[in-house]
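**Student:** Okay, so here is coords-v3.cif, and as you'll see once you scroll down, it has mmCIF, C-alpha atoms.
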data_input
loop_
_atom_site.label_atom_id
_atom_site.label_comp_id
_atom_site.auth_asym_id
_atom_site.auth_seq_id
_atom_site.Cartn_x
_atom_site.Cartn_y
_atom_site.Cartn_z
CA MET Z 26 0.00 0.00 0.00
CA THR Z 27 1.29 3.44 -0.91
CA GLY Z 28 -0.01 6.99 -1.15
CA PHE Z 29 -0.91 9.87 1.15
CA LEU Z 30 -3.49 10.72 3.76
CA ASN Z 31 -4.01 14.45 4.11
CA ILE Z 32 -4.97 14.93 7.77
CA ASP Z 33 -6.63 18.00 9.26
CA LYS Z 34 -4.81 17.78 12.60
CA ARG Z 35 -6.66 19.07 15.60
CA GLU Z 36 -5.11 21.17 18.36
CA GLY Z 37 -3.57 19.10 21.14
CA ASP Z 38 -2.48 16.12 19.03
CA THR Z 39 1.21 15.67 18.31
CA SER Z 40 2.28 14.86 14.76
CA ALA Z 41 3.74 11.58 16.09
CA TYR Z 42 0.37 10.66 17.60
CA VAL Z 43 -1.32 11.15 14.23
CA VAL Z 44 1.26 8.98 12.46
CA ASN Z 45 0.95 6.20 15.06
CA ARG Z 46 -2.84 6.18 14.72
CA ILE Z 47 -2.53 5.86 10.95
CA LYS Z 48 0.07 3.10 11.26
CA ALA Z 49 -2.41 1.14 13.35
CA LEU Z 50 -4.99 1.49 10.57
CA VAL Z 51 -2.90 0.78 7.48
CA LYS Z 52 -0.47 -1.76 8.99
CA CYS Z 53 2.60 -0.46 7.11
CA PRO Z 54 5.31 2.19 7.54
CA CYS Z 55 4.11 5.81 7.66
CA GLY Z 56 5.63 9.24 8.18
CA HIS Z 57 4.42 12.83 8.23
CA MET Z 58 5.69 15.37 5.69
CA GLY Z 59 6.56 18.24 8.05
CA THR Z 60 5.83 18.53 11.77
CA LEU Z 61 2.99 20.56 13.21
CA ASP Z 62 3.42 21.48 16.88
CA PRO Z 63 0.73 20.17 19.28
CA TYR Z 64 -0.96 23.57 19.71
CA ALA Z 65 -1.22 24.04 15.91
CA SER Z 66 -3.94 22.61 13.71
CA GLY Z 67 -4.45 22.03 10.01
CA VAL Z 68 -2.86 20.27 7.07
CA LEU Z 69 -0.54 17.37 7.98
CA PRO Z 70 0.26 15.12 4.97
CA VAL Z 71 1.15 11.56 5.99
CA GLY Z 72 3.02 9.31 3.57
CA ILE Z 73 2.13 5.62 3.50
CA GLY Z 74 4.51 2.87 2.44
CA ASN Z 75 6.98 3.90 -0.27
CA ALA Z 76 5.46 7.40 -0.39
CA THR Z 77 7.56 8.17 2.69
CA ARG Z 78 10.56 8.25 0.34
CA LEU Z 79 9.34 11.67 -0.82
CA PHE Z 80 9.91 13.26 2.60
CA ASP Z 81 12.86 15.39 1.46
CA ARG Z 82 10.80 16.86 -1.38
CA PHE Z 83 8.01 18.06 0.86
CA LEU Z 84 10.26 19.79 3.38
CA GLU Z 85 10.97 22.60 0.92
CA LYS Z 86 7.44 23.04 -0.45
CA LYS Z 87 5.50 26.26 0.00
CA LYS Z 88 3.24 26.37 3.03
CA ARG Z 89 0.38 28.68 3.96
CA TYR Z 90 -0.76 29.53 7.48
CA LEU Z 91 -3.37 31.48 9.36
CA ALA Z 92 -1.74 32.83 12.51
CA LYS Z 93 -2.62 35.08 15.42
CA PHE Z 94 -0.02 37.27 17.12
CA ARG Z 95 -0.42 39.01 20.49
CA PHE Z 96 1.54 42.17 21.22
CA GLY Z 97 2.67 43.78 24.46
CA VAL Z 98 3.36 40.30 25.85
CA THR Z 99 5.71 37.44 25.02
CA SER Z 100 6.86 34.03 26.25
CA PRO Z 101 10.19 32.16 26.20
CA THR Z 102 8.77 29.65 23.72
CA LEU Z 103 7.25 32.42 21.53
CA ASP Z 104 3.88 30.67 21.75
CA ARG Z 105 1.20 30.19 24.37
CA GLU Z 106 2.94 27.13 25.83
CA GLY Z 107 5.40 29.31 27.73
CA GLU Z 108 4.95 31.54 30.75
CA LEU Z 109 3.67 34.93 29.62
CA VAL Z 110 5.76 38.03 30.29
CA PHE Z 111 3.92 41.32 29.89
CA GLY Z 112 5.55 44.54 28.70
CA GLY Z 113 5.41 46.75 25.63
CA GLU Z 114 2.83 48.63 23.61
CA VAL Z 115 0.17 47.23 21.31
CA PRO Z 116 0.78 48.60 17.79
CA LYS Z 117 -1.84 50.11 15.53
CA GLU Z 118 -2.90 48.41 12.32
CA GLU Z 119 -1.27 51.03 10.14
CA GLN Z 120 2.03 50.57 11.98
CA ILE Z 121 1.94 46.84 11.32
CA GLU Z 122 1.12 47.37 7.64
CA ARG Z 123 4.16 49.63 7.21
CA VAL Z 124 6.57 47.05 8.69
CA LEU Z 125 5.34 43.87 6.97
CA PRO Z 126 7.30 44.49 3.72
CA GLU Z 127 10.52 44.32 5.77
CA LEU Z 128 9.68 40.70 6.63
CA THR Z 129 8.67 39.67 3.12
CA GLY Z 130 10.97 38.07 0.54
CA LYS Z 131 14.25 36.35 1.42
CA ILE Z 132 15.10 37.18 5.02
CA GLU Z 133 17.51 36.04 7.72
CA GLN Z 134 15.66 34.35 10.58
CA ILE Z 135 17.02 33.11 13.91
CA PRO Z 136 15.12 29.95 14.95
CA PRO Z 137 13.42 30.00 18.37
CA ILE Z 138 15.62 28.61 21.14
CA PHE Z 139 12.75 26.27 22.00
CA SER Z 140 13.10 24.35 18.74
CA ALA Z 141 14.41 20.99 17.61
CA LYS Z 142 17.64 22.42 16.19
CA PHE Z 143 20.78 20.58 17.29
CA VAL Z 144 23.40 22.42 19.35
CA ASN Z 145 26.51 20.38 20.20
CA GLY Z 146 24.59 17.14 19.78
CA LYS Z 147 21.57 18.17 21.85
CA ARG Z 148 18.21 19.61 20.90
CA SER Z 149 18.01 23.35 21.43
CA TYR Z 150 14.81 23.05 23.47
CA GLU Z 151 16.48 20.58 25.85
CA LEU Z 152 19.27 23.06 26.60
CA ALA Z 153 16.79 25.94 26.96
CA ARG Z 154 14.71 23.96 29.46
CA GLN Z 155 17.86 23.36 31.50
CA GLY Z 156 18.39 27.11 31.67
CA GLU Z 157 21.47 27.09 29.44
CA LYS Z 158 22.25 29.92 27.05
CA VAL Z 159 21.48 28.87 23.50
CA TYR Z 160 22.83 30.61 20.40
CA LEU Z 161 21.39 29.63 17.05
CA ALA Z 162 22.76 30.92 13.77
CA PRO Z 163 20.36 32.82 11.50
CA ARG Z 164 19.22 31.00 8.40
CA ARG Z 165 17.76 32.30 5.17
CA VAL Z 166 14.06 31.66 4.64
CA GLU Z 167 11.61 33.00 2.09
CA ILE Z 168 8.33 34.72 2.90
CA TYR Z 169 6.21 34.97 -0.23
CA ASP Z 170 3.23 36.73 1.33
CA PHE Z 171 2.67 38.23 4.79
CA ARG Z 172 -0.70 39.93 5.15
CA LEU Z 173 -2.53 41.48 8.06
CA LEU Z 174 -6.13 40.26 8.12
CA GLU Z 175 -7.87 41.81 11.12
CA ARG Z 176 -7.71 42.71 14.79
CA THR Z 177 -9.12 39.76 16.75
CA ALA Z 178 -8.72 41.15 20.28
CA PRO Z 179 -7.49 44.41 21.83
CA ASP Z 180 -3.89 43.11 21.74
CA GLU Z 181 -4.16 40.45 19.02
CA PHE Z 182 -4.14 40.44 15.21
CA SER Z 183 -4.57 37.70 12.61
CA PHE Z 184 -2.29 37.18 9.60
CA GLU Z 185 -2.07 35.02 6.50
CA ILE Z 186 1.45 33.86 5.68
CA GLU Z 187 2.82 31.97 2.69
CA CYS Z 188 6.40 30.83 3.15
CA GLY Z 189 9.06 28.37 2.13
CA GLY Z 190 10.29 25.37 4.07
CA GLY Z 191 12.15 25.90 7.33
CA THR Z 192 10.26 29.06 8.34
CA TYR Z 193 9.27 29.44 11.98
CA ILE Z 194 6.02 31.39 12.30
CA ARG Z 195 6.80 31.93 16.00
CA ALA Z 196 9.99 33.70 14.98
CA LEU Z 197 8.02 35.91 12.60
CA ALA Z 198 5.86 37.01 15.55
CA ARG Z 199 8.99 37.86 17.55
CA ASP Z 200 10.67 39.70 14.67
CA LEU Z 201 7.57 41.66 13.73
CA ALA Z 202 7.15 42.79 17.33
CA GLU Z 203 10.83 43.83 17.52
CA LYS Z 204 10.50 45.95 14.39
CA LEU Z 205 7.49 47.62 16.02
CA GLY Z 206 9.46 48.32 19.20
CA THR Z 207 7.46 45.98 21.39
CA ASN Z 208 7.09 42.33 22.41
CA GLY Z 209 4.94 39.66 20.79
CA TYR Z 210 4.26 35.96 20.47
CA MET Z 211 2.21 33.58 18.36
CA SER Z 212 -1.11 32.83 20.05
CA ALA Z 213 -2.64 30.51 17.43
CA LEU Z 214 -1.61 28.71 14.25
CA ARG Z 215 -3.46 26.79 11.55
CA ARG Z 216 -1.74 25.40 8.45
CA THR Z 217 -4.03 25.71 5.45
CA GLN Z 218 -1.68 24.38 2.76
CA SER Z 219 1.48 22.30 2.46
CA GLY Z 220 2.65 21.90 -1.12
CA VAL Z 221 -0.19 20.34 -3.12
CA PHE Z 222 -2.14 19.46 0.04
CA ASP Z 223 -4.76 21.87 1.37
CA LEU Z 224 -7.70 21.94 3.74
CA GLN Z 225 -10.19 21.17 0.98
CA THR Z 226 -8.86 17.63 0.69
CA ALA Z 227 -7.97 17.18 4.38
CA VAL Z 228 -9.81 14.74 6.63
CA PRO Z 229 -10.00 14.78 10.44
CA LEU Z 230 -8.13 11.85 11.98
CA GLU Z 231 -11.18 10.79 13.98
CA LYS Z 232 -13.14 10.26 10.77
CA LEU Z 233 -10.83 7.46 9.60
CA THR Z 234 -11.71 3.84 10.32
CA LYS Z 235 -10.42 0.44 9.23
CA GLU Z 236 -13.38 0.23 6.91
CA ASN Z 237 -13.05 3.61 5.16
CA PHE Z 238 -9.43 4.84 5.30
CA GLN Z 239 -8.66 3.58 1.77
CA ASP Z 240 -11.34 5.93 0.42
CA PHE Z 241 -9.18 8.89 1.54
CA ILE Z 242 -5.78 7.73 0.25
CA ILE Z 243 -4.37 10.07 -2.41
CA PRO Z 244 -2.30 8.15 -5.01
CA THR Z 245 1.37 9.08 -4.99
CA GLU Z 246 1.43 9.99 -8.68
CA GLU Z 247 -1.26 12.63 -8.11
CA VAL Z 248 1.01 14.74 -5.90
CA LEU Z 249 3.98 14.74 -8.27
CA PRO Z 250 3.86 17.65 -10.76
CA LEU Z 251 6.09 15.87 -13.28
CA PRO Z 252 5.66 14.83 -16.93
CA VAL Z 253 4.91 11.18 -17.66
CA LEU Z 254 7.43 8.71 -19.06
CA GLU Z 255 6.36 5.18 -20.04
CA ILE Z 256 9.16 2.61 -20.45
CA SER Z 257 8.78 -1.14 -20.84
CA ASP Z 258 12.47 -2.04 -21.20
CA GLU Z 259 13.13 -4.27 -18.18
CA ARG Z 260 16.80 -3.34 -18.05
CA LEU Z 261 15.78 -0.01 -16.51
CA TYR Z 262 14.13 -1.80 -13.57
CA HIS Z 263 17.25 -3.82 -12.85
CA GLY Z 264 19.44 -0.80 -12.12
CA LEU Z 265 20.72 -0.09 -15.63
CA GLN Z 266 20.64 3.19 -17.52
CA ILE Z 267 19.17 3.00 -21.00
CA PRO Z 268 18.97 5.43 -23.94
CA CYS Z 269 16.14 7.97 -23.82
CA GLU Z 270 15.32 10.80 -26.22
CA ARG Z 271 13.37 12.91 -23.74
CA ALA Z 272 14.68 16.22 -22.39
CA ASP Z 273 16.83 16.22 -19.25
CA GLY Z 274 14.81 16.27 -16.04
CA GLU Z 275 12.62 14.19 -13.77
CA TYR Z 276 9.58 12.19 -14.86
CA LYS Z 277 6.78 10.11 -13.40
CA LEU Z 278 7.75 6.64 -14.54
CA TYR Z 279 5.15 4.12 -15.70
CA ARG Z 280 5.81 0.44 -16.32
CA GLY Z 281 3.20 -1.49 -18.26
CA GLY Z 282 0.65 1.25 -17.69
CA GLU Z 283 1.20 1.22 -13.91
CA PHE Z 284 2.89 3.96 -11.91
CA TYR Z 285 6.35 2.86 -10.79
CA GLY Z 286 8.16 5.88 -9.39
CA ILE Z 287 10.48 8.69 -10.48
CA ALA Z 288 12.96 8.50 -13.34
CA ALA Z 289 15.72 10.96 -14.20
CA VAL Z 290 16.91 11.70 -17.73
CA LYS Z 291 20.35 13.19 -18.33
CA ASP Z 292 22.50 13.38 -21.45
CA GLY Z 293 20.34 10.94 -23.39
CA LEU Z 294 20.18 8.30 -20.66
CA VAL Z 295 17.41 7.48 -18.20
CA ARG Z 296 17.67 5.81 -14.80
CA THR Z 297 15.21 5.02 -12.04
CA GLU Z 298 15.52 7.44 -9.14
CA LYS Z 299 12.88 6.28 -6.66
CA LYS Z 300 10.56 3.29 -6.62
CA LEU Z 301 7.24 4.50 -5.20
CA CYS Z 302 4.75 1.76 -6.16
#
Is it possible to give me this structure as structure tokens?
**Tutor:**
Amino acid sequence: MTGFLNIDKREGDTSAYVVNRIKALVKCPCGHMGTLDPYASGVLPVGIGNATRLFDRFLEKKKRYLAKFRFGVTSPTLDREGELVFGGEVPKEEQIERVLPELTGKIEQIPPIFSAKFVNGKRSYELARQGEKVYLAPRRVEIYDFRLLERTAPDEFSFEIECGGGTYIRALARDLAEKLGTNGYMSALRRTQSGVFDLQTAVPLEKLTKENFQDFIIPTEEVLPLPVLEISDERLYHGLQIPCERADGEYKLYRGGEFYGIAAVKDGLVRTEKKLC
């Protein structure tokens, strides 16, 4: 069995919990395509069987979020899981609008110290919980769209954010607040899109049963935006490269009319890259 389940994760569930529940249903290896923290909800694609081999491809896909930021207050974790520390002014909407372009495009972002980044062989959050000083190097991320939606409370605003892989929305809350001369943290987060997966095709975990889960599996070939290549020469499927007149690049490979995986063409030769059937 192979393919994807696009889960609409509820608040409170860990991504690992979702994967373990699905493993119990499908009885084969599974893995999520990008962690959602327990307090966050929304799109969590889960690969089933050989589809898990596409994990590296989904890490860098565009993602879209609905987030809420509170101002005049922060927390060590930059979300509502940490102890709140009050201090600072609440900005006006027009002030926020003026600053957002500074956090759009390719920017340098320092990950939150309460994150899973490794520091000297240990997770950053482990060191932070022990009270140790943690220094994380900035990394370049890309913010494609960062829009203010509305004020949702006297000190809280909602935003829609489209970004590349590796972006921390919590860090955006911190950095936006700093540019406004105040403090801030992320009070809510919902992922509405991850690559080709969105909320329209997402299913709540509690809706899945042993009797119906196959109805919700998305075939692997449907999530790969690649041209099709049909090859019947069996040498290709035994690890050999064979001549191919197609342009250089990656293709969805079909064998006898059935989806097989990904093939790569280069300099007139084709080879199998990943078996996904």
**Student:** Residues at most 9 Å from Asn45 (chain Z), counting all atoms listed in the file, excluding those fewer than 4 positions away in the same chain, as an MDAnalysis selection string?
**Tutor:** chainID Z and resid 40:41 49:50 55:56
**Student:** Keeping only C-alpha atoms, write the selected residues as a PDB file, in the frame of the given file.
**Tutor:**
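Output below, filename part_35.pdb:
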ATOM      1  CA  SER Z  40       2.280  14.860  14.760  1.00  0.00           C
ATOM      2  CA  ALA Z  41       3.740  11.580  16.090  1.00  0.00           C
ATOM      3  CA  ALA Z  49      -2.410   1.140  13.350  1.00  0.00           C
ATOM      4  CA  LEU Z  50      -4.990   1.490  10.570  1.00  0.00           C
ATOM      5  CA  CYS Z  55       4.110   5.810   7.660  1.00  0.00           C
ATOM      6  CA  GLY Z  56       5.630   9.240   8.180  1.00  0.00           C
TER       7      GLY Z  56
END
**Student:** So that I can check the surroundings of Leu173 (chain Z), please list as a ChimeraX atom specification every protein, DNA and RNA residue that reaches within 12 Å of it, counting only C-alpha atoms and ignoring chain neighbours fewer than 6 positions away.
**Tutor:** /Z:91-94,117-126,181-186,201
**Student:** Region 274-284 of chain Z: which residues within 9 Å, counting only C-alpha atoms, same-chain residues fewer than 2 positions away excluded, as a PyMOL selection string?
**Tutor:** chain Z and resi 245-246+249-259+271-272+286-291+297-298+301-302
**Student:** For the file shown, report as a PDB file with C-alpha atoms, in the frame of the given file the outcome of the PyMOL selection byres ((chain Z and resi 95-102) around 7) at residue level.
**Tutor:**
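Result written to expr.pdb:
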ATOM      1  CA  LYS Z  93      -2.620  35.080  15.420  1.00  0.00           C
ATOM      2  CA  PHE Z  94      -0.020  37.270  17.120  1.00  0.00           C
ATOM      3  CA  LEU Z 103       7.250  32.420  21.530  1.00  0.00           C
ATOM      4  CA  ASP Z 104       3.880  30.670  21.750  1.00  0.00           C
ATOM      5  CA  GLU Z 106       2.940  27.130  25.830  1.00  0.00           C
ATOM      6  CA  GLY Z 107       5.400  29.310  27.730  1.00  0.00           C
ATOM      7  CA  GLU Z 108       4.950  31.540  30.750  1.00  0.00           C
ATOM      8  CA  LEU Z 109       3.670  34.930  29.620  1.00  0.00           C
ATOM      9  CA  VAL Z 110       5.760  38.030  30.290  1.00  0.00           C
ATOM     10  CA  PHE Z 111       3.920  41.320  29.890  1.00  0.00           C
ATOM     11  CA  GLY Z 112       5.550  44.540  28.700  1.00  0.00           C
ATOM     12  CA  GLY Z 113       5.410  46.750  25.630  1.00  0.00           C
ATOM     13  CA  GLU Z 114       2.830  48.630  23.610  1.00  0.00           C
ATOM     14  CA  VAL Z 115       0.170  47.230  21.310  1.00  0.00           C
ATOM     15  CA  PHE Z 139      12.750  26.270  22.000  1.00  0.00           C
ATOM     16  CA  ASP Z 180      -3.890  43.110  21.740  1.00  0.00           C
ATOM     17  CA  GLU Z 181      -4.160  40.450  19.020  1.00  0.00           C
ATOM     18  CA  PHE Z 182      -4.140  40.440  15.210  1.00  0.00           C
ATOM     19  CA  ALA Z 202       7.150  42.790  17.330  1.00  0.00           C
ATOM     20  CA  THR Z 207       7.460  45.980  21.390  1.00  0.00           C
ATOM     21  CA  ASN Z 208       7.090  42.330  22.410  1.00  0.00           C
ATOM     22  CA  GLY Z 209       4.940  39.660  20.790  1.00  0.00           C
ATOM     23  CA  TYR Z 210       4.260  35.960  20.470  1.00  0.00           C
ATOM     24  CA  MET Z 211       2.210  33.580  18.360  1.00  0.00           C
ATOM     25  CA  SER Z 212      -1.110  32.830  20.050  1.00  0.00           C
TER      26      SER Z 212
END
**Student:** So which residues are close to (-2.6, 23.3, 1.0), meaning at most 12 Å away in the file's coordinates with all atoms listed in the file counted, and can you show them as a PyMOL selection string?
**Tutor:** chain Z and resi 31-33+67-70+83+86-91+187-188+215-227+248
**Student:** Would you mind listing what lies within 9 Å of Ile132 (chain Z) as a short mmCIF file (atom, residue, chain, number, x, y, z; two decimals) with C-alpha atoms, in the coordinates of the input, with all atoms listed in the file counted and same-chain residues fewer than 3 positions away left out?
**Tutor:**
data_model
loop_
_atom_site.label_atom_id
_atom_site.label_comp_id
_atom_site.auth_asym_id
_atom_site.auth_seq_id
_atom_site.Cartn_x
_atom_site.Cartn_y
_atom_site.Cartn_z
CA GLU Z 127 10.52 44.32 5.77
CA LEU Z 128 9.68 40.70 6.63
CA THR Z 129 8.67 39.67 3.12
CA ARG Z 164 19.22 31.00 8.40
CA ARG Z 165 17.76 32.30 5.17
CA VAL Z 166 14.06 31.66 4.64
CA GLU Z 167 11.61 33.00 2.09
CA ILE Z 168 8.33 34.72 2.90
#
**Student:** Quick one: distance from CA of Ala196 (chain Z) to CA of Arg172 (chain Z) in Å, one decimal?
**Tutor:**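 Between CA of Ala196 (chain Z) and CA of Arg172 (chain Z) the gap works out to 15.8 Å.
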**Student:** For a quick check of understanding, using only C-alpha atoms, which of Z:Thr77, Z:Asn237, Z:Gln266, Z:Thr60 has the smallest distance to Phe29 (chain Z)?
**Tutor:**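 Among Z:Thr77, Z:Asn237, Z:Gln266, Z:Thr60, it is Z:Thr77 that comes nearest to Phe29 (chain Z).
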**Student:** Could you give me region 251-275 of chain Z completed to N, CA and C atoms, formatted as a CSV table (one decimal), keeping the file's coordinate frame?
**Tutor:**
chain,number,residue,atom,x,y,z
Z,251,LEU,N,5.0,16.2,-12.3
Z,251,LEU,CA,6.1,15.9,-13.3
Z,251,LEU,C,5.5,15.3,-14.6
Z,252,PRO,N,6.2,15.5,-15.7
Z,252,PRO,CA,5.7,14.8,-16.9
Z,252,PRO,C,5.8,13.3,-16.8
Z,253,VAL,N,5.0,12.6,-17.7
Z,253,VAL,CA,4.9,11.2,-17.7
Z,253,VAL,C,5.9,10.6,-18.6
Z,254,LEU,N,6.5,9.5,-18.2
Z,254,LEU,CA,7.4,8.7,-19.1
Z,254,LEU,C,7.1,7.2,-18.9
Z,255,GLU,N,6.7,6.6,-20.0
Z,255,GLU,CA,6.4,5.2,-20.0
Z,255,GLU,C,7.5,4.4,-20.7
Z,256,ILE,N,8.1,3.4,-19.9
Z,256,ILE,CA,9.2,2.6,-20.4
Z,256,ILE,C,8.9,1.2,-20.1
Z,257,SER,N,9.0,0.3,-21.1
Z,257,SER,CA,8.8,-1.1,-20.8
Z,257,SER,C,10.1,-1.9,-20.8
Z,258,ASP,N,11.2,-1.3,-21.2
Z,258,ASP,CA,12.5,-2.0,-21.2
Z,258,ASP,C,12.9,-2.5,-19.8
Z,259,GLU,N,12.9,-3.8,-19.5
Z,259,GLU,CA,13.1,-4.3,-18.2
Z,259,GLU,C,14.5,-4.0,-17.7
Z,260,ARG,N,15.5,-3.7,-18.5
Z,260,ARG,CA,16.8,-3.3,-18.0
Z,260,ARG,C,16.8,-2.1,-17.1
Z,261,LEU,N,15.9,-1.2,-17.4
Z,261,LEU,CA,15.8,0.0,-16.5
Z,261,LEU,C,15.4,-0.4,-15.1
Z,262,TYR,N,14.6,-1.4,-14.9
Z,262,TYR,CA,14.1,-1.8,-13.6
Z,262,TYR,C,15.1,-2.8,-12.9
Z,263,HIS,N,16.2,-3.0,-13.5
Z,263,HIS,CA,17.2,-3.8,-12.8
Z,263,HIS,C,18.5,-3.0,-12.6
Z,264,GLY,N,18.3,-1.7,-12.5
Z,264,GLY,CA,19.4,-0.8,-12.1
Z,264,GLY,C,20.3,-0.3,-13.3
Z,265,LEU,N,19.9,-0.5,-14.5
Z,265,LEU,CA,20.7,-0.1,-15.6
Z,265,LEU,C,20.2,1.2,-16.2
Z,266,GLN,N,21.1,2.0,-16.8
Z,266,GLN,CA,20.6,3.2,-17.5
Z,266,GLN,C,20.4,2.8,-19.0
Z,267,ILE,N,19.4,3.3,-19.6
Z,267,ILE,CA,19.2,3.0,-21.0
Z,267,ILE,C,19.0,4.3,-21.8
Z,268,PRO,N,19.2,4.2,-23.1
Z,268,PRO,CA,19.0,5.4,-23.9
Z,268,PRO,C,17.5,6.0,-23.8
Z,269,CYS,N,17.5,7.3,-23.9
Z,269,CYS,CA,16.1,8.0,-23.8
Z,269,CYS,C,16.2,9.3,-24.5
Z,270,GLU,N,15.3,9.6,-25.4
Z,270,GLU,CA,15.3,10.8,-26.2
Z,270,GLU,C,14.6,12.0,-25.6
Z,271,ARG,N,14.1,11.8,-24.4
Z,271,ARG,CA,13.4,12.9,-23.7
Z,271,ARG,C,14.3,13.9,-23.2
Z,272,ALA,N,13.8,15.1,-22.9
Z,272,ALA,CA,14.7,16.2,-22.4
Z,272,ALA,C,15.2,15.9,-21.0
Z,273,ASP,N,16.3,16.4,-20.6
Z,273,ASP,CA,16.8,16.2,-19.2
Z,273,ASP,C,15.8,16.7,-18.2
Z,274,GLY,N,15.7,15.9,-17.1
Z,274,GLY,CA,14.8,16.3,-16.0
Z,274,GLY,C,14.2,15.0,-15.4
Z,275,GLU,N,13.3,15.3,-14.5
Z,275,GLU,CA,12.6,14.2,-13.8
Z,275,GLU,C,11.3,13.9,-14.4
